[in-house]
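Participant: Just one file: work02.pdb, with PDB, C-alpha atoms.
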```pdb
ATOM      1  CA  MET A  58      -3.837   0.565  12.171  1.00  0.00           C
ATOM      2  CA  THR A  59      -4.360  -0.568  15.729  1.00  0.00           C
ATOM      3  CA  ALA A  60      -7.636  -0.277  17.607  1.00  0.00           C
ATOM      4  CA  ARG A  61      -6.244   2.525  19.741  1.00  0.00           C
ATOM      5  CA  GLU A  62      -5.005   4.414  16.677  1.00  0.00           C
ATOM      6  CA  PHE A  63      -8.384   3.956  14.995  1.00  0.00           C
ATOM      7  CA  VAL A  64     -10.275   5.394  17.970  1.00  0.00           C
ATOM      8  CA  SER A  65      -7.782   8.219  18.377  1.00  0.00           C
ATOM      9  CA  ASN A  66      -8.068   9.123  14.683  1.00  0.00           C
ATOM     10  CA  ILE A  67     -11.882   9.052  14.725  1.00  0.00           C
ATOM     11  CA  ARG A  68     -11.947  11.236  17.837  1.00  0.00           C
ATOM     12  CA  ALA A  69      -9.462  13.687  16.314  1.00  0.00           C
ATOM     13  CA  ASN A  70     -11.509  13.970  13.110  1.00  0.00           C
ATOM     14  CA  GLN A  71     -15.034  14.515  14.406  1.00  0.00           C
ATOM     15  CA  PRO A  72     -17.395  16.380  12.082  1.00  0.00           C
ATOM     16  CA  GLU A  73     -17.377  20.064  12.882  1.00  0.00           C
ATOM     17  CA  ARG A  74     -20.730  21.432  13.947  1.00  0.00           C
ATOM     18  CA  ILE A  75     -20.016  24.795  12.300  1.00  0.00           C
ATOM     19  CA  HIS A  76     -19.765  23.137   8.862  1.00  0.00           C
ATOM     20  CA  LEU A  77     -23.047  21.301   9.323  1.00  0.00           C
ATOM     21  CA  GLU A  78     -25.452  23.411  11.374  1.00  0.00           C
ATOM     22  CA  ASN A  79     -26.322  25.917   8.646  1.00  0.00           C
ATOM     23  CA  ARG A  80     -27.363  23.113   6.271  1.00  0.00           C
ATOM     24  CA  LEU A  81     -29.018  20.548   8.534  1.00  0.00           C
ATOM     25  CA  ASN A  82     -31.880  20.533  10.974  1.00  0.00           C
ATOM     26  CA  THR A  83     -31.072  19.925  14.643  1.00  0.00           C
ATOM     27  CA  GLU A  84     -32.158  16.269  14.657  1.00  0.00           C
ATOM     28  CA  THR A  85     -30.097  15.365  11.569  1.00  0.00           C
ATOM     29  CA  LEU A  86     -27.104  17.274  12.933  1.00  0.00           C
ATOM     30  CA  HIS A  87     -27.330  15.454  16.265  1.00  0.00           C
ATOM     31  CA  GLY A  88     -27.577  12.098  14.449  1.00  0.00           C
ATOM     32  CA  ILE A  89     -24.465  12.773  12.361  1.00  0.00           C
ATOM     33  CA  LEU A  90     -22.443  13.898  15.362  1.00  0.00           C
ATOM     34  CA  SER A  91     -23.673  10.914  17.365  1.00  0.00           C
ATOM     35  CA  ASP A  92     -22.763   8.451  14.574  1.00  0.00           C
ATOM     36  CA  ALA A  93     -19.084   9.356  14.955  1.00  0.00           C
ATOM     37  CA  HIS A  94     -18.955   8.794  18.705  1.00  0.00           C
ATOM     38  CA  ILE A  95     -16.781   6.087  20.312  1.00  0.00           C
ATOM     39  CA  SER A  96     -16.648   5.705  24.080  1.00  0.00           C
ATOM     40  CA  ASP A  97     -14.158   3.766  26.161  1.00  0.00           C
ATOM     41  CA  SER A  98     -15.486   0.589  27.724  1.00  0.00           C
ATOM     42  CA  ASP A  99     -15.932   0.431  31.472  1.00  0.00           C
ATOM     43  CA  SER A 100     -12.966  -1.905  31.996  1.00  0.00           C
ATOM     44  CA  ASN A 101      -9.225  -1.500  31.499  1.00  0.00           C
ATOM     45  CA  TYR A 102      -7.800  -2.044  28.020  1.00  0.00           C
ATOM     46  CA  GLN A 103      -7.032  -5.690  27.299  1.00  0.00           C
ATOM     47  CA  GLU A 104      -5.258  -7.282  24.340  1.00  0.00           C
ATOM     48  CA  HIS A 105      -7.222  -9.878  22.378  1.00  0.00           C
ATOM     49  CA  GLY A 106      -4.705 -10.827  19.687  1.00  0.00           C
ATOM     50  CA  ASN A 107      -6.545  -9.069  16.864  1.00  0.00           C
ATOM     51  CA  GLU A 108      -7.140  -5.340  16.367  1.00  0.00           C
ATOM     52  CA  ILE A 109     -10.817  -5.795  15.469  1.00  0.00           C
ATOM     53  CA  LEU A 110     -11.335  -7.768  18.677  1.00  0.00           C
ATOM     54  CA  ASN A 111      -9.333  -5.151  20.596  1.00  0.00           C
ATOM     55  CA  LEU A 112     -11.654  -2.492  19.185  1.00  0.00           C
ATOM     56  CA  LEU A 113     -14.837  -4.402  19.966  1.00  0.00           C
ATOM     57  CA  HIS A 114     -13.867  -5.424  23.488  1.00  0.00           C
ATOM     58  CA  ASN A 115     -12.227  -2.201  24.650  1.00  0.00           C
ATOM     59  CA  PHE A 116     -14.492   0.474  23.180  1.00  0.00           C
ATOM     60  CA  ASP A 117     -18.218   1.133  22.940  1.00  0.00           C
ATOM     61  CA  LEU A 118     -19.032   1.175  19.223  1.00  0.00           C
ATOM     62  CA  SER A 119     -22.797   1.078  19.650  1.00  0.00           C
ATOM     63  CA  ARG A 120     -23.190   4.560  18.137  1.00  0.00           C
ATOM     64  CA  LEU A 121     -20.523   4.334  15.416  1.00  0.00           C
ATOM     65  CA  ASN A 122     -22.191   4.315  12.005  1.00  0.00           C
ATOM     66  CA  VAL A 123     -20.315   5.031   8.775  1.00  0.00           C
ATOM     67  CA  TYR A 124     -22.353   4.634   5.566  1.00  0.00           C
ATOM     68  CA  ASP A 125     -24.623   2.312   7.572  1.00  0.00           C
ATOM     69  CA  ILE A 126     -21.701   0.051   8.440  1.00  0.00           C
ATOM     70  CA  THR A 127     -22.027  -0.841  12.100  1.00  0.00           C
ATOM     71  CA  PHE A 128     -20.346  -3.032  14.697  1.00  0.00           C
ATOM     72  CA  ASP A 129     -21.919  -5.599  17.024  1.00  0.00           C
ATOM     73  CA  HIS A 130     -21.195  -5.920  20.696  1.00  0.00           C
ATOM     74  CA  ASP A 131     -21.843  -9.661  20.590  1.00  0.00           C
ATOM     75  CA  LEU A 132     -19.709 -11.702  18.228  1.00  0.00           C
ATOM     76  CA  GLU A 133     -21.048 -14.631  16.234  1.00  0.00           C
ATOM     77  CA  VAL A 134     -18.988 -17.583  15.031  1.00  0.00           C
ATOM     78  CA  TYR A 135     -20.195 -19.318  11.870  1.00  0.00           C
ATOM     79  CA  GLN A 136     -18.071 -21.965  10.164  1.00  0.00           C
ATOM     80  CA  ASP A 137     -14.609 -20.356   9.830  1.00  0.00           C
ATOM     81  CA  PHE A 138     -15.887 -16.802  10.305  1.00  0.00           C
ATOM     82  CA  LEU A 139     -16.173 -14.522  13.284  1.00  0.00           C
ATOM     83  CA  PHE A 140     -18.904 -11.981  12.512  1.00  0.00           C
ATOM     84  CA  PHE A 141     -18.531  -8.600  14.190  1.00  0.00           C
ATOM     85  CA  GLY A 142     -20.784  -6.165  12.319  1.00  0.00           C
ATOM     86  CA  TRP A 143     -23.008  -5.318   9.382  1.00  0.00           C
ATOM     87  CA  ASP A 144     -22.164  -3.938   5.960  1.00  0.00           C
ATOM     88  CA  THR A 145     -24.255  -1.203   4.374  1.00  0.00           C
ATOM     89  CA  ILE A 146     -26.013  -3.728   2.105  1.00  0.00           C
ATOM     90  CA  GLY A 147     -27.116  -6.014   4.930  1.00  0.00           C
ATOM     91  CA  ASP A 148     -24.219  -8.459   4.727  1.00  0.00           C
ATOM     92  CA  ARG A 149     -22.337  -9.545   7.823  1.00  0.00           C
ATOM     93  CA  LEU A 150     -18.851  -8.186   8.375  1.00  0.00           C
ATOM     94  CA  GLY A 151     -16.636 -11.083   9.292  1.00  0.00           C
ATOM     95  CA  TYR A 152     -13.133 -12.103  10.033  1.00  0.00           C
ATOM     96  CA  HIS A 153     -12.058 -15.335   8.327  1.00  0.00           C
ATOM     97  CA  ILE A 154     -10.259 -17.080  11.173  1.00  0.00           C
ATOM     98  CA  PRO A 155      -7.807 -19.265   9.183  1.00  0.00           C
ATOM     99  CA  SER A 156      -6.641 -16.542   6.762  1.00  0.00           C
ATOM    100  CA  GLY A 157      -7.198 -13.363   8.779  1.00  0.00           C
ATOM    101  CA  GLU A 158      -9.056 -11.803   5.856  1.00  0.00           C
ATOM    102  CA  VAL A 159     -11.980  -9.432   6.552  1.00  0.00           C
ATOM    103  CA  VAL A 160     -15.050  -9.973   4.367  1.00  0.00           C
ATOM    104  CA  SER A 161     -18.618  -8.908   3.745  1.00  0.00           C
ATOM    105  CA  TYR A 162     -20.578 -12.176   3.951  1.00  0.00           C
ATOM    106  CA  TYR A 163     -23.921 -12.689   2.204  1.00  0.00           C
ATOM    107  CA  LEU A 164     -25.837 -14.839   4.687  1.00  0.00           C
ATOM    108  CA  HIS A 165     -28.718 -15.867   2.422  1.00  0.00           C
ATOM    109  CA  GLY A 166     -26.324 -17.057  -0.264  1.00  0.00           C
ATOM    110  CA  ASP A 167     -23.874 -18.456   2.277  1.00  0.00           C
ATOM    111  CA  CYS A 168     -20.908 -16.890   0.490  1.00  0.00           C
ATOM    112  CA  VAL A 169     -18.413 -14.049   0.571  1.00  0.00           C
ATOM    113  CA  HIS A 170     -19.906 -11.046  -1.206  1.00  0.00           C
ATOM    114  CA  PHE A 171     -16.945  -8.652  -0.896  1.00  0.00           C
ATOM    115  CA  ARG A 172     -13.406  -9.088   0.321  1.00  0.00           C
ATOM    116  CA  CYS A 173     -12.725  -6.020   2.495  1.00  0.00           C
ATOM    117  CA  ALA A 174      -9.121  -6.299   3.699  1.00  0.00           C
ATOM    118  CA  MET A 175      -6.205  -8.681   3.963  1.00  0.00           C
ATOM    119  CA  ASN A 176      -6.189  -8.418   7.751  1.00  0.00           C
ATOM    120  CA  ASP A 177      -7.576  -6.653  10.799  1.00  0.00           C
ATOM    121  CA  ARG A 178      -5.145  -3.712  10.766  1.00  0.00           C
ATOM    122  CA  GLN A 179      -5.717  -2.997   7.090  1.00  0.00           C
ATOM    123  CA  PHE A 180      -9.485  -3.119   7.632  1.00  0.00           C
ATOM    124  CA  LEU A 181      -9.300  -0.496  10.383  1.00  0.00           C
ATOM    125  CA  GLN A 182      -7.114   1.739   8.201  1.00  0.00           C
ATOM    126  CA  LEU A 183      -9.499   1.451   5.250  1.00  0.00           C
ATOM    127  CA  PHE A 184     -12.549   1.933   7.462  1.00  0.00           C
ATOM    128  CA  PHE A 185     -10.987   5.120   8.816  1.00  0.00           C
ATOM    129  CA  GLU A 186     -10.429   6.343   5.230  1.00  0.00           C
ATOM    130  CA  LEU A 187     -14.092   5.570   4.536  1.00  0.00           C
ATOM    131  CA  TYR A 188     -15.022   7.608   7.605  1.00  0.00           C
ATOM    132  CA  LEU A 189     -12.978  10.559   6.289  1.00  0.00           C
ATOM    133  CA  LEU A 190     -14.750  10.268   2.927  1.00  0.00           C
ATOM    134  CA  LEU A 191     -18.171  10.451   4.575  1.00  0.00           C
ATOM    135  CA  LYS A 192     -17.121  13.269   6.898  1.00  0.00           C
ATOM    136  CA  GLY A 193     -15.738  15.309   4.019  1.00  0.00           C
ATOM    137  CA  GLN A 194     -18.837  14.765   1.925  1.00  0.00           C
ATOM    138  CA  LEU A 195     -21.075  15.892   4.781  1.00  0.00           C
ATOM    139  CA  GLU A 196     -19.075  18.986   5.688  1.00  0.00           C
ATOM    140  CA  THR A 197     -18.960  20.646   2.282  1.00  0.00           C
ATOM    141  CA  GLU A 198     -21.369  21.585  -0.460  1.00  0.00           C
ATOM    142  CA  ASP A 199     -18.581  22.675  -2.815  1.00  0.00           C
ATOM    143  CA  GLU A 200     -18.339  20.155  -5.660  1.00  0.00           C
ATOM    144  CA  GLN A 201     -14.646  20.830  -6.271  1.00  0.00           C
ATOM    145  CA  ALA A 202     -13.900  20.132  -2.602  1.00  0.00           C
ATOM    146  CA  LYS A 203     -15.975  16.939  -2.809  1.00  0.00           C
ATOM    147  CA  ASP A 204     -13.988  15.877  -5.879  1.00  0.00           C
ATOM    148  CA  ARG A 205     -10.719  16.398  -3.955  1.00  0.00           C
ATOM    149  CA  ILE A 206     -12.073  14.359  -1.043  1.00  0.00           C
ATOM    150  CA  ARG A 207     -13.045  11.512  -3.395  1.00  0.00           C
ATOM    151  CA  GLU A 208      -9.638  11.678  -5.135  1.00  0.00           C
ATOM    152  CA  ASN A 209      -7.877  11.547  -1.768  1.00  0.00           C
ATOM    153  CA  PHE A 210      -9.938   8.501  -0.753  1.00  0.00           C
ATOM    154  CA  TRP A 211      -9.217   6.848  -4.104  1.00  0.00           C
ATOM    155  CA  SER A 212      -5.496   7.526  -3.768  1.00  0.00           C
ATOM    156  CA  LYS A 213      -5.178   6.303  -0.179  1.00  0.00           C
ATOM    157  CA  THR A 214      -7.215   3.143  -0.701  1.00  0.00           C
ATOM    158  CA  THR A 215      -6.161   1.964  -4.158  1.00  0.00           C
ATOM    159  CA  SER A 216      -2.486   2.415  -3.338  1.00  0.00           C
ATOM    160  CA  THR A 217      -2.782   0.119  -0.315  1.00  0.00           C
ATOM    161  CA  VAL A 218      -5.043  -2.710  -1.440  1.00  0.00           C
ATOM    162  CA  PRO A 219      -5.143  -5.194  -4.314  1.00  0.00           C
ATOM    163  CA  ASP A 220      -8.051  -4.934  -6.756  1.00  0.00           C
ATOM    164  CA  THR A 221      -9.851  -7.840  -5.078  1.00  0.00           C
ATOM    165  CA  TYR A 222     -10.377  -5.666  -1.991  1.00  0.00           C
ATOM    166  CA  TRP A 223     -10.997  -2.401  -3.804  1.00  0.00           C
ATOM    167  CA  LYS A 224     -14.477  -3.445  -5.022  1.00  0.00           C
ATOM    168  CA  HIS A 225     -15.822  -3.166  -1.482  1.00  0.00           C
ATOM    169  CA  TYR A 226     -14.725   0.495  -1.242  1.00  0.00           C
ATOM    170  CA  GLU A 227     -15.329   1.564  -4.827  1.00  0.00           C
ATOM    171  CA  ARG A 228     -19.091   1.501  -4.350  1.00  0.00           C
ATOM    172  CA  PHE A 229     -18.869   4.317  -1.778  1.00  0.00           C
ATOM    173  CA  LEU A 230     -17.422   6.676  -4.363  1.00  0.00           C
ATOM    174  CA  VAL A 231     -20.503   6.090  -6.512  1.00  0.00           C
ATOM    175  CA  SER A 232     -22.874   6.786  -3.610  1.00  0.00           C
ATOM    176  CA  THR A 233     -21.283  10.112  -2.583  1.00  0.00           C
TER     177      THR A 233
END
```
Starting from the file, give its structure as structure tokens.

Facilitator:
Amino acid sequence: MTAREFVSNIRANQPERIHLENRLNTETLHGILSDAHISDSDSNYQEHGNEILNLLHNFDLSRLNVYDITFDHDLEVYQDFLFFGWDTIGDRLGYHIPSGEVVSYYLHGDCVHFRCAMNDRQFLQLFFELYLLLKGQLETEDEQAKDRIRENFWSKTTSTVPDTYWKHYERFLVST
């Protein structure tokens, strides 16, 4: 998935207020709706040779928050990694420059904690699927509907990634 496709898909799949407002207080509702917001940057779209970089440099992700996974505006290079965000468990999200692999990096242990995707495009696709999982879980109280949402997530992610990458996403099924 490209950066533009990712943003377009997030925008087209915003949580619906009507499904949330009868169950949540105004502040929580506003927070959830705000967490799914992506703005265009002030400048014209520019290619950066990597879809994660295209996303970071062409869109304002400061409010995007999916399961406490967030993106940084400022990038950090460390060894062979380019860090661009934070994982839900406090690890850095990084792009391994030589291989193109996206990882969750445990800073205190100085090691890869989870392998997230083979490349930038796959990461954006899987992150979008994670977004849909969270959105679906928030919008319904029906347990059968939640089961279908989890099954859909399972199907779309396990069919596209090797087991080594699945561990990063599997933990979100347990938390929902």

Participant: Using all atoms of stretch 98-104 of chain A listed in the file and a margin of 6 Å per side, can you give the axis-aligned box centre and edge lengths in Å to one decimal, as lines of an AutoDock Vina configuration file?

Facilitator:
```
center_x = -10.6
center_y = -3.3
center_z = 28.2
size_x = 22.7
size_y = 19.9
size_z = 19.7
```

Participant: May I ask which of the residues A:Ala60, A:Leu118, A:Ala202, A:Ile109 is the closest one to A:Val159, counting all atoms listed in the file?

Facilitator: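 Closest candidate: A:Ile109.
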
Participant: Applied to the shown file, which residues does the PyMOL selection byres ((chain A and resi 86) around 12) return, written as a list in words?

Facilitator: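 This file gives the following for the PyMOL selection byres ((chain A and resi 86) around 12): Pro72, Glu73, Arg74, Ile75, His76, Leu77, Glu78, Asn79, Arg80, Leu81, Asn82, Thr83, Glu84, Thr85, His87, Gly88, Ile89, Leu90, Ser91, Asp92, Ala93, Leu195 and Glu196 of chain A.
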
Participant: Taking the file above as input, evaluate the PyMOL selection byres ((chain A and resi 183-190) around 7) and report the hits as a list of chain:residue names.

Facilitator: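 Taken over the shown coordinates, the PyMOL selection byres ((chain A and resi 183-190) around 7) returns A:Phe63, A:Val123, A:Gln179, A:Phe180, A:Leu181, A:Gln182, A:Leu191, A:Lys192, A:Gly193, A:Gln194, A:Ile206, A:Arg207, A:Phe210, A:Thr214.
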
Participant: Name the closest residue to A:Arg172 among the candidates A:Glu104, A:Asp131, A:Glu158, A:Asp97; distances are taken between atoms, counting only C-alpha atoms.

Facilitator: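 That would be A:Glu158, the residue with the smallest distance to A:Arg172.
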
Participant: Can stretch 132-143 of chain A be brought up to all heavy atoms and written out as an mmCIF file, in the coordinates of the input?

Facilitator:
```cif
data_model
loop_
_atom_site.group_PDB
_atom_site.id
_atom_site.type_symbol
_atom_site.label_atom_id
_atom_site.label_comp_id
_atom_site.auth_asym_id
_atom_site.auth_seq_id
_atom_site.Cartn_x
_atom_site.Cartn_y
_atom_site.Cartn_z
ATOM 1 N N LEU A 132 -20.307 -11.074 19.398
ATOM 2 C CA LEU A 132 -19.709 -11.702 18.228
ATOM 3 C C LEU A 132 -20.429 -13.009 17.919
ATOM 4 O O LEU A 132 -20.974 -13.650 18.813
ATOM 5 C CB LEU A 132 -18.229 -11.970 18.490
ATOM 6 C CG LEU A 132 -17.405 -10.740 18.878
ATOM 7 C CD1 LEU A 132 -16.004 -11.161 19.264
ATOM 8 C CD2 LEU A 132 -17.381 -9.747 17.746
ATOM 9 N N GLU A 133 -20.400 -13.398 16.661
ATOM 10 C CA GLU A 133 -21.048 -14.631 16.234
ATOM 11 C C GLU A 133 -20.055 -15.442 15.406
ATOM 12 O O GLU A 133 -19.480 -14.931 14.449
ATOM 13 C CB GLU A 133 -22.281 -14.304 15.385
ATOM 14 C CG GLU A 133 -22.986 -15.507 14.837
ATOM 15 C CD GLU A 133 -24.114 -15.128 13.888
ATOM 16 O OE1 GLU A 133 -24.512 -13.958 13.832
ATOM 17 O OE2 GLU A 133 -24.593 -16.039 13.186
ATOM 18 N N VAL A 134 -19.866 -16.691 15.784
ATOM 19 C CA VAL A 134 -18.988 -17.583 15.031
ATOM 20 C C VAL A 134 -19.864 -18.441 14.130
ATOM 21 O O VAL A 134 -20.862 -19.014 14.567
ATOM 22 C CB VAL A 134 -18.151 -18.476 15.974
ATOM 23 C CG1 VAL A 134 -17.328 -19.479 15.179
ATOM 24 C CG2 VAL A 134 -17.248 -17.624 16.844
ATOM 25 N N TYR A 135 -19.487 -18.499 12.850
ATOM 26 C CA TYR A 135 -20.195 -19.318 11.870
ATOM 27 C C TYR A 135 -19.143 -19.934 10.956
ATOM 28 O O TYR A 135 -18.393 -19.203 10.306
ATOM 29 C CB TYR A 135 -21.179 -18.462 11.067
ATOM 30 C CG TYR A 135 -21.852 -19.186 9.930
ATOM 31 C CD1 TYR A 135 -22.856 -20.121 10.179
ATOM 32 C CD2 TYR A 135 -21.474 -18.955 8.617
ATOM 33 C CE1 TYR A 135 -23.475 -20.787 9.143
ATOM 34 C CE2 TYR A 135 -22.094 -19.620 7.573
ATOM 35 C CZ TYR A 135 -23.085 -20.536 7.843
ATOM 36 O OH TYR A 135 -23.686 -21.209 6.811
ATOM 37 N N GLN A 136 -19.083 -21.248 10.922
ATOM 38 C CA GLN A 136 -18.071 -21.965 10.164
ATOM 39 C C GLN A 136 -16.688 -21.414 10.534
ATOM 40 O O GLN A 136 -16.328 -21.459 11.691
ATOM 41 C CB GLN A 136 -18.365 -21.896 8.673
ATOM 42 C CG GLN A 136 -19.657 -22.580 8.289
ATOM 43 C CD GLN A 136 -19.989 -22.436 6.822
ATOM 44 O OE1 GLN A 136 -19.260 -21.860 6.030
ATOM 45 N NE2 GLN A 136 -21.137 -22.967 6.431
ATOM 46 N N ASP A 137 -15.945 -20.899 9.573
ATOM 47 C CA ASP A 137 -14.609 -20.356 9.830
ATOM 48 C C ASP A 137 -14.611 -18.839 9.993
ATOM 49 O O ASP A 137 -13.556 -18.204 9.898
ATOM 50 C CB ASP A 137 -13.655 -20.714 8.679
ATOM 51 C CG ASP A 137 -13.254 -22.167 8.688
ATOM 52 O OD1 ASP A 137 -13.402 -22.824 9.738
ATOM 53 O OD2 ASP A 137 -12.782 -22.666 7.644
ATOM 54 N N PHE A 138 -15.776 -18.253 10.225
ATOM 55 C CA PHE A 138 -15.887 -16.802 10.305
ATOM 56 C C PHE A 138 -16.292 -16.349 11.700
ATOM 57 O O PHE A 138 -17.074 -17.002 12.377
ATOM 58 C CB PHE A 138 -16.929 -16.287 9.302
ATOM 59 C CG PHE A 138 -16.531 -16.488 7.879
ATOM 60 C CD1 PHE A 138 -16.935 -17.632 7.191
ATOM 61 C CD2 PHE A 138 -15.748 -15.562 7.219
ATOM 62 C CE1 PHE A 138 -16.555 -17.821 5.878
ATOM 63 C CE2 PHE A 138 -15.367 -15.745 5.914
ATOM 64 C CZ PHE A 138 -15.766 -16.882 5.230
ATOM 65 N N LEU A 139 -15.758 -15.202 12.070
ATOM 66 C CA LEU A 139 -16.173 -14.522 13.284
ATOM 67 C C LEU A 139 -16.837 -13.225 12.835
ATOM 68 O O LEU A 139 -16.168 -12.321 12.340
ATOM 69 C CB LEU A 139 -14.965 -14.228 14.179
ATOM 70 C CG LEU A 139 -15.240 -13.447 15.454
ATOM 71 C CD1 LEU A 139 -16.149 -14.243 16.384
ATOM 72 C CD2 LEU A 139 -13.947 -13.107 16.149
ATOM 73 N N PHE A 140 -18.167 -13.163 12.947
ATOM 74 C CA PHE A 140 -18.904 -11.981 12.512
ATOM 75 C C PHE A 140 -18.912 -10.928 13.618
ATOM 76 O O PHE A 140 -19.168 -11.228 14.778
ATOM 77 C CB PHE A 140 -20.328 -12.343 12.114
ATOM 78 C CG PHE A 140 -20.396 -13.231 10.898
ATOM 79 C CD1 PHE A 140 -21.104 -14.419 10.929
ATOM 80 C CD2 PHE A 140 -19.752 -12.878 9.725
ATOM 81 C CE1 PHE A 140 -21.173 -15.233 9.808
ATOM 82 C CE2 PHE A 140 -19.806 -13.686 8.595
ATOM 83 C CZ PHE A 140 -20.518 -14.864 8.649
ATOM 84 N N PHE A 141 -18.656 -9.681 13.207
ATOM 85 C CA PHE A 141 -18.531 -8.600 14.190
ATOM 86 C C PHE A 141 -19.327 -7.356 13.819
ATOM 87 O O PHE A 141 -19.313 -6.378 14.552
ATOM 88 C CB PHE A 141 -17.055 -8.215 14.378
ATOM 89 C CG PHE A 141 -16.375 -7.734 13.122
ATOM 90 C CD1 PHE A 141 -16.441 -6.412 12.737
ATOM 91 C CD2 PHE A 141 -15.668 -8.625 12.331
ATOM 92 C CE1 PHE A 141 -15.812 -5.966 11.581
ATOM 93 C CE2 PHE A 141 -15.023 -8.191 11.176
ATOM 94 C CZ PHE A 141 -15.099 -6.866 10.803
ATOM 95 N N GLY A 142 -20.028 -7.349 12.699
ATOM 96 C CA GLY A 142 -20.784 -6.165 12.319
ATOM 97 C C GLY A 142 -21.614 -6.392 11.084
ATOM 98 O O GLY A 142 -21.778 -7.530 10.626
ATOM 99 N N TRP A 143 -22.136 -5.286 10.553
ATOM 100 C CA TRP A 143 -23.008 -5.318 9.382
ATOM 101 C C TRP A 143 -22.513 -4.347 8.332
ATOM 102 O O TRP A 143 -22.144 -3.221 8.640
ATOM 103 C CB TRP A 143 -24.439 -4.945 9.777
ATOM 104 C CG TRP A 143 -25.058 -5.969 10.658
ATOM 105 C CD1 TRP A 143 -25.052 -5.986 12.025
ATOM 106 C CD2 TRP A 143 -25.751 -7.137 10.241
ATOM 107 N NE1 TRP A 143 -25.704 -7.104 12.473
ATOM 108 C CE2 TRP A 143 -26.157 -7.828 11.402
ATOM 109 C CE3 TRP A 143 -26.083 -7.678 8.997
ATOM 110 C CZ2 TRP A 143 -26.859 -9.023 11.362
ATOM 111 C CZ3 TRP A 143 -26.790 -8.867 8.956
ATOM 112 C CH2 TRP A 143 -27.177 -9.531 10.129
#
```
